[in-house]
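Structure file data.cif with mmCIF, N, CA, C and O atoms:
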data_my_file
loop_
_atom_site.label_atom_id
_atom_site.label_comp_id
_atom_site.auth_asym_id
_atom_site.auth_seq_id
_atom_site.Cartn_x
_atom_site.Cartn_y
_atom_site.Cartn_z
N MET A 23 0.85 -1.16 0.00
CA MET A 23 0.00 0.00 0.00
C MET A 23 0.90 1.22 0.00
O MET A 23 1.77 1.37 0.83
N SER A 24 0.67 2.11 -0.92
CA SER A 24 1.47 3.32 -1.03
C SER A 24 0.92 4.40 -0.11
O SER A 24 -0.28 4.53 0.06
N LEU A 25 1.81 5.17 0.47
CA LEU A 25 1.39 6.24 1.37
C LEU A 25 0.88 7.46 0.62
O LEU A 25 0.19 8.29 1.18
N ASP A 26 1.20 7.57 -0.69
CA ASP A 26 0.79 8.75 -1.43
C ASP A 26 -0.52 8.54 -2.20
O ASP A 26 -0.92 9.38 -2.98
N VAL A 27 -1.21 7.46 -1.95
CA VAL A 27 -2.48 7.18 -2.60
C VAL A 27 -3.60 7.73 -1.74
O VAL A 27 -3.62 7.54 -0.53
N THR A 28 -4.55 8.42 -2.35
CA THR A 28 -5.69 8.93 -1.62
C THR A 28 -6.58 7.76 -1.22
O THR A 28 -6.91 6.90 -2.04
N ARG A 29 -6.95 7.73 0.04
CA ARG A 29 -7.78 6.64 0.54
C ARG A 29 -9.25 6.90 0.20
O ARG A 29 -9.75 7.97 0.42
N THR A 30 -9.90 5.86 -0.31
CA THR A 30 -11.32 5.97 -0.61
C THR A 30 -12.16 5.16 0.35
O THR A 30 -13.37 5.24 0.34
N GLU A 31 -11.51 4.36 1.16
CA GLU A 31 -12.23 3.56 2.14
C GLU A 31 -11.67 3.84 3.52
O GLU A 31 -10.53 4.25 3.67
N PRO A 32 -12.49 3.65 4.56
CA PRO A 32 -12.00 3.93 5.91
C PRO A 32 -10.86 2.99 6.29
O PRO A 32 -10.79 1.86 5.85
N ARG A 33 -9.98 3.48 7.12
CA ARG A 33 -8.83 2.71 7.59
C ARG A 33 -9.29 1.69 8.63
O ARG A 33 -10.04 2.00 9.52
N ARG A 34 -8.82 0.47 8.49
CA ARG A 34 -9.14 -0.57 9.46
C ARG A 34 -8.18 -0.47 10.64
O ARG A 34 -7.08 0.03 10.51
N ASP A 35 -8.62 -0.97 11.79
CA ASP A 35 -7.76 -0.98 12.97
C ASP A 35 -6.54 -1.87 12.77
O ASP A 35 -5.47 -1.58 13.28
N ARG A 36 -6.72 -2.97 12.08
CA ARG A 36 -5.64 -3.93 11.87
C ARG A 36 -5.60 -4.35 10.41
O ARG A 36 -6.62 -4.42 9.75
N PRO A 37 -4.41 -4.70 9.94
CA PRO A 37 -4.33 -5.24 8.58
C PRO A 37 -4.93 -6.65 8.56
O PRO A 37 -4.98 -7.33 9.60
N THR A 38 -5.36 -7.10 7.41
CA THR A 38 -5.83 -8.47 7.29
C THR A 38 -4.64 -9.41 7.50
O THR A 38 -3.48 -8.98 7.39
N SER A 39 -4.92 -10.67 7.76
CA SER A 39 -3.82 -11.61 7.97
C SER A 39 -2.99 -11.74 6.69
O SER A 39 -1.77 -11.90 6.76
N GLN A 40 -3.63 -11.63 5.54
CA GLN A 40 -2.89 -11.69 4.27
C GLN A 40 -1.95 -10.49 4.14
O GLN A 40 -0.79 -10.65 3.75
N GLU A 41 -2.42 -9.30 4.48
CA GLU A 41 -1.57 -8.11 4.43
C GLU A 41 -0.41 -8.24 5.42
O GLU A 41 0.72 -7.90 5.11
N ALA A 42 -0.73 -8.72 6.63
CA ALA A 42 0.30 -8.88 7.65
C ALA A 42 1.37 -9.86 7.17
O ALA A 42 2.57 -9.59 7.31
N ARG A 43 0.95 -10.98 6.61
CA ARG A 43 1.92 -11.97 6.11
C ARG A 43 2.79 -11.38 5.00
O ARG A 43 3.99 -11.62 4.96
N ARG A 44 2.18 -10.59 4.10
CA ARG A 44 2.94 -9.98 3.01
C ARG A 44 3.99 -9.03 3.56
O ARG A 44 5.15 -9.05 3.16
N ARG A 45 3.60 -8.20 4.53
CA ARG A 45 4.56 -7.25 5.13
C ARG A 45 5.66 -8.00 5.88
O ARG A 45 6.84 -7.62 5.80
N LEU A 46 5.29 -9.04 6.60
CA LEU A 46 6.29 -9.82 7.35
C LEU A 46 7.22 -10.56 6.40
O LEU A 46 8.43 -10.63 6.65
N ASP A 47 6.69 -11.11 5.31
CA ASP A 47 7.55 -11.77 4.32
C ASP A 47 8.55 -10.78 3.74
O ASP A 47 9.73 -11.10 3.56
N HIS A 48 8.09 -9.56 3.45
CA HIS A 48 8.99 -8.53 2.93
C HIS A 48 10.07 -8.18 3.95
O HIS A 48 11.26 -8.09 3.61
N ALA A 49 9.66 -7.99 5.21
CA ALA A 49 10.63 -7.65 6.26
C ALA A 49 11.65 -8.78 6.44
O ALA A 49 12.85 -8.52 6.57
N ARG A 50 11.18 -10.02 6.42
CA ARG A 50 12.08 -11.17 6.56
C ARG A 50 13.06 -11.21 5.39
O ARG A 50 14.27 -11.38 5.58
N GLY A 51 12.56 -11.07 4.16
CA GLY A 51 13.41 -11.11 2.98
C GLY A 51 14.48 -10.03 3.01
O GLY A 51 15.65 -10.29 2.69
N THR A 52 14.10 -8.84 3.42
CA THR A 52 15.05 -7.74 3.52
C THR A 52 16.15 -8.05 4.52
O THR A 52 17.34 -7.84 4.25
N ARG A 53 15.77 -8.56 5.70
CA ARG A 53 16.77 -8.88 6.73
C ARG A 53 17.67 -10.02 6.29
O ARG A 53 18.86 -10.02 6.58
N LEU A 54 17.13 -11.01 5.59
CA LEU A 54 17.97 -12.12 5.11
C LEU A 54 18.98 -11.63 4.08
O LEU A 54 20.13 -12.07 4.09
N ILE A 55 18.59 -10.71 3.23
CA ILE A 55 19.52 -10.12 2.26
C ILE A 55 20.63 -9.37 3.00
O ILE A 55 21.81 -9.49 2.66
N GLN A 56 20.26 -8.60 4.03
CA GLN A 56 21.25 -7.87 4.81
C GLN A 56 22.21 -8.83 5.50
O GLN A 56 23.43 -8.60 5.52
N LEU A 57 21.68 -9.90 6.06
CA LEU A 57 22.51 -10.88 6.75
C LEU A 57 23.48 -11.55 5.78
O LEU A 57 24.67 -11.71 6.08
N ARG A 58 22.98 -11.92 4.59
CA ARG A 58 23.85 -12.52 3.58
C ARG A 58 24.96 -11.55 3.16
O ARG A 58 26.11 -11.95 3.00
N ALA A 59 24.61 -10.29 2.99
CA ALA A 59 25.61 -9.29 2.59
C ALA A 59 26.69 -9.16 3.66
O ALA A 59 27.88 -9.05 3.33
N LEU A 60 26.29 -9.18 4.92
CA LEU A 60 27.30 -9.10 6.00
C LEU A 60 28.17 -10.35 6.03
O LEU A 60 29.38 -10.27 6.24
N THR A 61 27.57 -11.49 5.79
CA THR A 61 28.31 -12.75 5.80
C THR A 61 29.29 -12.80 4.63
O THR A 61 30.40 -13.31 4.76
N ASP A 62 28.88 -12.25 3.50
CA ASP A 62 29.71 -12.29 2.29
C ASP A 62 30.85 -11.27 2.28
O ASP A 62 31.65 -11.26 1.35
N THR A 63 30.94 -10.43 3.30
CA THR A 63 32.01 -9.42 3.30
C THR A 63 33.38 -10.03 3.53
O THR A 63 34.38 -9.40 3.24
N GLY A 64 33.41 -11.24 4.07
CA GLY A 64 34.68 -11.90 4.31
C GLY A 64 35.38 -11.44 5.57
O GLY A 64 36.50 -11.82 5.85
N GLN A 65 34.71 -10.60 6.35
CA GLN A 65 35.33 -10.14 7.59
C GLN A 65 35.23 -11.24 8.65
O GLN A 65 34.36 -12.09 8.61
N THR A 66 36.12 -11.18 9.58
CA THR A 66 36.16 -12.20 10.62
C THR A 66 35.09 -11.93 11.67
O THR A 66 34.56 -10.83 11.77
N VAL A 67 34.79 -12.94 12.45
CA VAL A 67 33.80 -12.83 13.51
C VAL A 67 34.24 -11.81 14.55
O VAL A 67 33.41 -11.20 15.23
N GLU A 68 35.54 -11.59 14.66
CA GLU A 68 36.06 -10.64 15.64
C GLU A 68 35.71 -9.19 15.30
O GLU A 68 35.86 -8.30 16.12
N ASP A 69 35.28 -8.95 14.09
CA ASP A 69 34.87 -7.60 13.72
C ASP A 69 33.61 -7.27 14.51
O ASP A 69 32.52 -7.76 14.21
N HIS A 70 33.74 -6.45 15.53
CA HIS A 70 32.65 -6.19 16.47
C HIS A 70 31.45 -5.52 15.81
O HIS A 70 30.31 -5.83 16.14
N LEU A 71 31.67 -4.64 14.87
CA LEU A 71 30.56 -3.97 14.20
C LEU A 71 29.74 -4.97 13.38
O LEU A 71 28.51 -5.01 13.48
N THR A 72 30.44 -5.79 12.61
CA THR A 72 29.75 -6.80 11.81
C THR A 72 29.01 -7.77 12.71
O THR A 72 27.87 -8.13 12.45
N SER A 73 29.64 -8.17 13.77
CA SER A 73 29.02 -9.09 14.72
C SER A 73 27.76 -8.48 15.34
O SER A 73 26.73 -9.14 15.44
N ALA A 74 27.84 -7.22 15.72
CA ALA A 74 26.68 -6.54 16.32
C ALA A 74 25.55 -6.41 15.30
O ALA A 74 24.37 -6.59 15.64
N GLN A 75 25.90 -6.11 14.05
CA GLN A 75 24.89 -5.99 13.01
C GLN A 75 24.20 -7.34 12.77
O GLN A 75 22.98 -7.40 12.63
N LYS A 76 24.98 -8.41 12.72
CA LYS A 76 24.41 -9.74 12.54
C LYS A 76 23.47 -10.09 13.68
O LYS A 76 22.38 -10.62 13.47
N GLN A 77 23.89 -9.81 14.91
CA GLN A 77 23.05 -10.10 16.07
C GLN A 77 21.74 -9.32 16.01
O GLN A 77 20.67 -9.85 16.32
N SER A 78 21.82 -8.08 15.60
CA SER A 78 20.62 -7.24 15.48
C SER A 78 19.66 -7.80 14.42
O SER A 78 18.45 -7.89 14.66
N ILE A 79 20.20 -8.17 13.28
CA ILE A 79 19.37 -8.73 12.22
C ILE A 79 18.75 -10.05 12.66
O ILE A 79 17.57 -10.31 12.42
N GLU A 80 19.53 -10.89 13.32
CA GLU A 80 19.01 -12.18 13.80
C GLU A 80 17.91 -11.97 14.84
O GLU A 80 16.92 -12.69 14.87
N ARG A 81 18.04 -10.93 15.68
CA ARG A 81 17.02 -10.60 16.67
C ARG A 81 15.71 -10.18 15.97
O ARG A 81 14.63 -10.61 16.35
N VAL A 82 15.84 -9.37 14.92
CA VAL A 82 14.66 -8.94 14.17
C VAL A 82 14.01 -10.14 13.48
O VAL A 82 12.78 -10.26 13.44
N LEU A 83 14.81 -11.06 12.94
CA LEU A 83 14.25 -12.26 12.32
C LEU A 83 13.44 -13.08 13.32
O LEU A 83 12.38 -13.61 12.98
N LYS A 84 13.91 -13.15 14.56
CA LYS A 84 13.14 -13.85 15.60
C LYS A 84 11.83 -13.11 15.89
O LYS A 84 10.79 -13.74 16.11
N GLU A 85 11.88 -11.78 15.90
CA GLU A 85 10.67 -10.98 16.10
C GLU A 85 9.67 -11.22 14.96
O GLU A 85 8.46 -11.29 15.19
N ILE A 86 10.18 -11.33 13.75
CA ILE A 86 9.32 -11.60 12.59
C ILE A 86 8.66 -12.96 12.73
O ILE A 86 7.46 -13.11 12.49
N ASP A 87 9.43 -13.97 13.13
CA ASP A 87 8.85 -15.30 13.35
C ASP A 87 7.77 -15.27 14.42
O ASP A 87 6.72 -15.89 14.28
N ALA A 88 8.02 -14.52 15.49
CA ALA A 88 7.02 -14.38 16.56
C ALA A 88 5.77 -13.67 16.04
O ALA A 88 4.64 -14.02 16.41
N ALA A 89 5.96 -12.69 15.14
CA ALA A 89 4.81 -11.99 14.57
C ALA A 89 3.98 -12.92 13.69
O ALA A 89 2.74 -12.87 13.71
N PHE A 90 4.65 -13.79 12.93
CA PHE A 90 3.91 -14.79 12.14
C PHE A 90 3.07 -15.67 13.06
O PHE A 90 1.92 -16.00 12.74
N ALA A 91 3.61 -16.06 14.21
CA ALA A 91 2.86 -16.87 15.17
C ALA A 91 1.64 -16.10 15.69
O ALA A 91 0.56 -16.67 15.86
N ARG A 92 1.80 -14.78 15.90
CA ARG A 92 0.66 -13.97 16.35
C ARG A 92 -0.41 -13.85 15.26
O ARG A 92 -1.61 -13.82 15.57
N VAL A 93 0.02 -13.81 14.00
CA VAL A 93 -0.96 -13.81 12.91
C VAL A 93 -1.77 -15.10 12.98
O VAL A 93 -3.00 -15.09 12.88
N GLU A 94 -1.08 -16.20 13.15
CA GLU A 94 -1.74 -17.51 13.19
C GLU A 94 -2.71 -17.64 14.37
O GLU A 94 -3.78 -18.20 14.22
N ASP A 95 -2.32 -17.12 15.53
CA ASP A 95 -3.20 -17.30 16.70
C ASP A 95 -4.21 -16.16 16.89
O ASP A 95 -4.96 -16.13 17.84
N GLY A 96 -4.17 -15.19 15.95
CA GLY A 96 -5.17 -14.12 15.98
C GLY A 96 -4.85 -12.95 16.88
O GLY A 96 -5.70 -12.08 17.08
N THR A 97 -3.65 -12.88 17.42
CA THR A 97 -3.29 -11.77 18.31
C THR A 97 -2.43 -10.71 17.63
O THR A 97 -2.04 -9.74 18.27
N TYR A 98 -2.14 -10.90 16.33
CA TYR A 98 -1.33 -9.93 15.60
C TYR A 98 -2.03 -8.57 15.63
O TYR A 98 -3.23 -8.46 15.42
N GLY A 99 -1.27 -7.52 15.91
CA GLY A 99 -1.83 -6.18 15.93
C GLY A 99 -2.38 -5.76 17.28
O GLY A 99 -2.86 -4.65 17.44
N THR A 100 -2.27 -6.65 18.27
CA THR A 100 -2.69 -6.32 19.64
C THR A 100 -1.45 -6.10 20.48
O THR A 100 -0.55 -6.95 20.51
N CYS A 101 -1.38 -4.98 21.16
CA CYS A 101 -0.22 -4.64 22.00
C CYS A 101 -0.12 -5.64 23.15
O CYS A 101 -1.09 -5.91 23.84
N LEU A 102 1.07 -6.18 23.34
CA LEU A 102 1.30 -7.13 24.44
C LEU A 102 1.36 -6.43 25.79
O LEU A 102 1.27 -7.07 26.82
N GLY A 103 1.50 -5.11 25.78
CA GLY A 103 1.56 -4.35 27.02
C GLY A 103 0.21 -3.94 27.55
O GLY A 103 -0.11 -4.17 28.72
N CYS A 104 -0.63 -3.36 26.68
CA CYS A 104 -1.91 -2.81 27.14
C CYS A 104 -3.13 -3.52 26.54
O CYS A 104 -4.26 -3.20 26.89
N ALA A 105 -2.90 -4.44 25.62
CA ALA A 105 -3.95 -5.22 24.95
C ALA A 105 -4.84 -4.38 24.03
O ALA A 105 -5.87 -4.85 23.58
N LYS A 106 -4.42 -3.15 23.70
CA LYS A 106 -5.15 -2.33 22.73
C LYS A 106 -4.58 -2.60 21.34
O LYS A 106 -3.49 -3.15 21.20
N SER A 107 -5.32 -2.18 20.32
CA SER A 107 -4.85 -2.36 18.96
C SER A 107 -3.63 -1.47 18.70
O SER A 107 -3.62 -0.30 19.08
N VAL A 108 -2.63 -2.04 18.06
CA VAL A 108 -1.48 -1.27 17.61
C VAL A 108 -1.95 -0.52 16.36
O VAL A 108 -2.55 -1.12 15.47
N PRO A 109 -1.71 0.80 16.29
CA PRO A 109 -2.17 1.56 15.12
C PRO A 109 -1.64 0.96 13.81
O PRO A 109 -0.50 0.52 13.72
N ALA A 110 -2.50 0.97 12.80
CA ALA A 110 -2.15 0.41 11.50
C ALA A 110 -0.91 1.08 10.92
O ALA A 110 -0.09 0.41 10.28
N GLU A 111 -0.76 2.37 11.16
CA GLU A 111 0.41 3.09 10.65
C GLU A 111 1.70 2.51 11.23
O GLU A 111 2.71 2.40 10.55
N ARG A 112 1.68 2.15 12.51
CA ARG A 112 2.86 1.56 13.16
C ARG A 112 3.15 0.19 12.56
O ARG A 112 4.30 -0.16 12.32
N LEU A 113 2.09 -0.59 12.31
CA LEU A 113 2.28 -1.91 11.74
C LEU A 113 2.78 -1.85 10.30
O LEU A 113 3.46 -2.75 9.84
N GLU A 114 2.46 -0.76 9.59
CA GLU A 114 2.99 -0.59 8.24
C GLU A 114 4.50 -0.38 8.28
O GLU A 114 5.23 -0.87 7.44
N ILE A 115 4.96 0.35 9.28
CA ILE A 115 6.38 0.67 9.40
C ILE A 115 7.16 -0.48 10.04
O ILE A 115 8.24 -0.85 9.59
N LEU A 116 6.62 -1.04 11.12
CA LEU A 116 7.24 -2.15 11.85
C LEU A 116 6.25 -3.30 11.93
O LEU A 116 5.60 -3.49 12.95
N PRO A 117 6.12 -4.08 10.87
CA PRO A 117 5.08 -5.12 10.88
C PRO A 117 5.26 -6.20 11.95
O PRO A 117 4.33 -6.90 12.27
N TYR A 118 6.43 -6.27 12.54
CA TYR A 118 6.70 -7.28 13.56
C TYR A 118 6.62 -6.73 14.98
O TYR A 118 6.89 -7.44 15.94
N THR A 119 6.20 -5.48 15.14
CA THR A 119 6.17 -4.88 16.47
C THR A 119 5.21 -5.60 17.40
O THR A 119 4.18 -6.11 16.97
N ARG A 120 5.56 -5.64 18.67
CA ARG A 120 4.72 -6.27 19.69
C ARG A 120 3.93 -5.25 20.49
O ARG A 120 3.00 -5.61 21.18
N HIS A 121 4.35 -3.98 20.42
CA HIS A 121 3.78 -2.97 21.31
C HIS A 121 3.35 -1.71 20.57
O HIS A 121 3.91 -1.38 19.53
N CYS A 122 2.40 -1.01 21.16
CA CYS A 122 2.06 0.34 20.70
C CYS A 122 3.22 1.24 21.13
O CYS A 122 4.11 0.82 21.88
N VAL A 123 3.23 2.48 20.66
CA VAL A 123 4.34 3.38 20.95
C VAL A 123 4.49 3.62 22.45
O VAL A 123 5.60 3.56 22.99
N ALA A 124 3.39 3.88 23.14
CA ALA A 124 3.46 4.17 24.58
C ALA A 124 4.05 3.00 25.36
O ALA A 124 4.93 3.18 26.21
N CYS A 125 3.58 1.81 25.07
CA CYS A 125 4.11 0.62 25.79
C CYS A 125 5.55 0.32 25.39
O CYS A 125 6.33 -0.14 26.22
N GLN A 126 5.92 0.60 24.14
CA GLN A 126 7.30 0.40 23.72
C GLN A 126 8.23 1.33 24.50
O GLN A 126 9.30 0.92 24.93
N HIS A 127 7.81 2.58 24.70
CA HIS A 127 8.62 3.53 25.48
C HIS A 127 8.78 3.04 26.91
O HIS A 127 9.85 3.18 27.50
N ARG A 128 7.72 2.50 27.48
CA ARG A 128 7.80 1.99 28.86
C ARG A 128 8.69 0.75 28.93
O ARG A 128 9.35 0.53 29.95
N ALA A 129 8.71 -0.05 27.87
CA ALA A 129 9.48 -1.30 27.87
C ALA A 129 10.98 -1.05 27.72
O ALA A 129 11.79 -1.88 28.10
N THR A 130 11.36 0.11 27.13
CA THR A 130 12.79 0.37 26.92
C THR A 130 13.36 1.30 27.94
O THR A 130 12.83 1.83 28.79
#

So that I can check it, write out the structure of this file as structure tokens.
Amino acid sequence: MSLDVTRTEPRRDRPTSQEARRRLDHARGTRLIQLRALTDTGQTVEDHLTSAQKQSIERVLKEIDAAFARVEDGTYGTCLGCAKSVPAERLEILPYTRHCVACQHRAT
């Protein structure tokens, strides 16, 4: 869904499971490409920056897998902190997020 398209229908609280899966597949694919690129650099494991980047990408991949599980069990788009709906705009940007903005700030 493009952000520059004029909306003709009201915005839903949550994306459909098909939309969620599409966004999560895209996020996963992007992170796997990044991980492969880091692996293909030929740098050693001792390179702390590369190692930190790999760990970060692997952490996001785990979050994506957890988000797929939430799609399956019907809890995708519900904040784990306050049990309210995560705004659709947030899910467009971070399709694997577990929290609304307020609960995310409290969690960090």

**Message:** Selection in question (the file shown): the PyMOL selection byres ((chain A and resi 109) around 7). Which residues does it include, as a list in words?
**Reply:** Arg34, Asp35, Arg36, Gly99, Lys106, Ser107, Val108, Ala110, Glu111, Arg112, Leu113, Glu114, His121, Cys122 and Val123 of chain A

**Asked** Do you know which residues are at most 9 Å from range 53-59 of chain A counting only C-alpha atoms, after dropping those on the same chain fewer than 3 positions away, and could you put them as a list in words?
**Response**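 Contacts, in chain order: His48, Ala49, Arg50, Asp62, Thr63, Gln75, Lys76, Ile79, Glu80, Val82 and Leu83 of chain A.
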
**Message:** Report, in Å with one decimal, the straight-line distance from CA of Gln126 in chain A to CA of Arg44 in chain A.
**Reply:**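 Atom-to-atom, CA of Gln126 in chain A and CA of Arg44 in chain A are spaced 23.6 Å apart.
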
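Computed from the coordinates, the atom C of Lys84 in chain A to CA of Arg120 in chain A distance equals 10.6 Å.
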
**Message:** For a quick check of understanding, using all atoms listed in the file, which of A:Thr119, A:Thr61, A:Thr52, A:Thr72 has the smallest distance to Ala89 in chain A?
**Reply:**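 Among the listed residues, A:Thr119 lies closest to Ala89 in chain A.
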
Kindly add all heavy atoms to the incomplete range 97-107 of chain A and provide the output as an mmCIF file, in the coordinates of the input.
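Result saved to result07.cif:
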data_model
loop_
_atom_site.group_PDB
_atom_site.id
_atom_site.type_symbol
_atom_site.label_atom_id
_atom_site.label_comp_id
_atom_site.auth_asym_id
_atom_site.auth_seq_id
_atom_site.Cartn_x
_atom_site.Cartn_y
_atom_site.Cartn_z
ATOM 1 N N THR A 97 -3.650 -12.880 17.420
ATOM 2 C CA THR A 97 -3.290 -11.770 18.310
ATOM 3 C C THR A 97 -2.430 -10.710 17.630
ATOM 4 O O THR A 97 -2.040 -9.740 18.270
ATOM 5 C CB THR A 97 -2.565 -12.277 19.567
ATOM 6 O OG1 THR A 97 -1.354 -12.940 19.177
ATOM 7 C CG2 THR A 97 -3.443 -13.234 20.359
ATOM 8 N N TYR A 98 -2.140 -10.900 16.330
ATOM 9 C CA TYR A 98 -1.330 -9.930 15.600
ATOM 10 C C TYR A 98 -2.030 -8.570 15.630
ATOM 11 O O TYR A 98 -3.230 -8.460 15.420
ATOM 12 C CB TYR A 98 -1.119 -10.365 14.156
ATOM 13 C CG TYR A 98 -0.293 -9.390 13.349
ATOM 14 C CD1 TYR A 98 1.084 -9.412 13.438
ATOM 15 C CD2 TYR A 98 -0.897 -8.440 12.540
ATOM 16 C CE1 TYR A 98 1.851 -8.514 12.713
ATOM 17 C CE2 TYR A 98 -0.135 -7.538 11.804
ATOM 18 C CZ TYR A 98 1.242 -7.581 11.897
ATOM 19 O OH TYR A 98 1.998 -6.680 11.190
ATOM 20 N N GLY A 99 -1.270 -7.520 15.910
ATOM 21 C CA GLY A 99 -1.830 -6.180 15.930
ATOM 22 C C GLY A 99 -2.380 -5.760 17.280
ATOM 23 O O GLY A 99 -2.860 -4.650 17.440
ATOM 24 N N THR A 100 -2.270 -6.650 18.270
ATOM 25 C CA THR A 100 -2.690 -6.320 19.640
ATOM 26 C C THR A 100 -1.450 -6.100 20.480
ATOM 27 O O THR A 100 -0.550 -6.950 20.510
ATOM 28 C CB THR A 100 -3.533 -7.461 20.244
ATOM 29 O OG1 THR A 100 -4.681 -7.669 19.415
ATOM 30 C CG2 THR A 100 -3.978 -7.124 21.651
ATOM 31 N N CYS A 101 -1.380 -4.980 21.160
ATOM 32 C CA CYS A 101 -0.220 -4.640 22.000
ATOM 33 C C CYS A 101 -0.120 -5.640 23.150
ATOM 34 O O CYS A 101 -1.090 -5.910 23.840
ATOM 35 C CB CYS A 101 -0.370 -3.223 22.542
ATOM 36 S SG CYS A 101 0.969 -2.747 23.659
ATOM 37 N N LEU A 102 1.070 -6.180 23.340
ATOM 38 C CA LEU A 102 1.300 -7.130 24.440
ATOM 39 C C LEU A 102 1.360 -6.430 25.790
ATOM 40 O O LEU A 102 1.270 -7.070 26.820
ATOM 41 C CB LEU A 102 2.575 -7.926 24.206
ATOM 42 C CG LEU A 102 2.588 -8.823 22.965
ATOM 43 C CD1 LEU A 102 3.920 -9.547 22.848
ATOM 44 C CD2 LEU A 102 1.444 -9.804 22.984
ATOM 45 N N GLY A 103 1.500 -5.110 25.780
ATOM 46 C CA GLY A 103 1.560 -4.350 27.020
ATOM 47 C C GLY A 103 0.210 -3.940 27.550
ATOM 48 O O GLY A 103 -0.110 -4.170 28.720
ATOM 49 N N CYS A 104 -0.630 -3.360 26.680
ATOM 50 C CA CYS A 104 -1.910 -2.810 27.140
ATOM 51 C C CYS A 104 -3.130 -3.520 26.540
ATOM 52 O O CYS A 104 -4.260 -3.200 26.890
ATOM 53 C CB CYS A 104 -1.988 -1.311 26.838
ATOM 54 S SG CYS A 104 -2.000 -0.933 25.059
ATOM 55 N N ALA A 105 -2.900 -4.440 25.620
ATOM 56 C CA ALA A 105 -3.950 -5.220 24.950
ATOM 57 C C ALA A 105 -4.840 -4.380 24.030
ATOM 58 O O ALA A 105 -5.870 -4.850 23.580
ATOM 59 C CB ALA A 105 -4.792 -5.986 25.962
ATOM 60 N N LYS A 106 -4.420 -3.150 23.700
ATOM 61 C CA LYS A 106 -5.150 -2.330 22.730
ATOM 62 C C LYS A 106 -4.580 -2.600 21.340
ATOM 63 O O LYS A 106 -3.490 -3.150 21.200
ATOM 64 C CB LYS A 106 -5.014 -0.850 23.075
ATOM 65 C CG LYS A 106 -5.682 -0.467 24.373
ATOM 66 C CD LYS A 106 -5.512 1.013 24.645
ATOM 67 C CE LYS A 106 -6.135 1.392 25.981
ATOM 68 N NZ LYS A 106 -5.902 2.808 26.304
ATOM 69 N N SER A 107 -5.320 -2.180 20.320
ATOM 70 C CA SER A 107 -4.850 -2.360 18.960
ATOM 71 C C SER A 107 -3.630 -1.470 18.700
ATOM 72 O O SER A 107 -3.620 -0.300 19.080
ATOM 73 C CB SER A 107 -5.942 -1.989 17.962
ATOM 74 O OG SER A 107 -6.958 -2.940 17.982
#
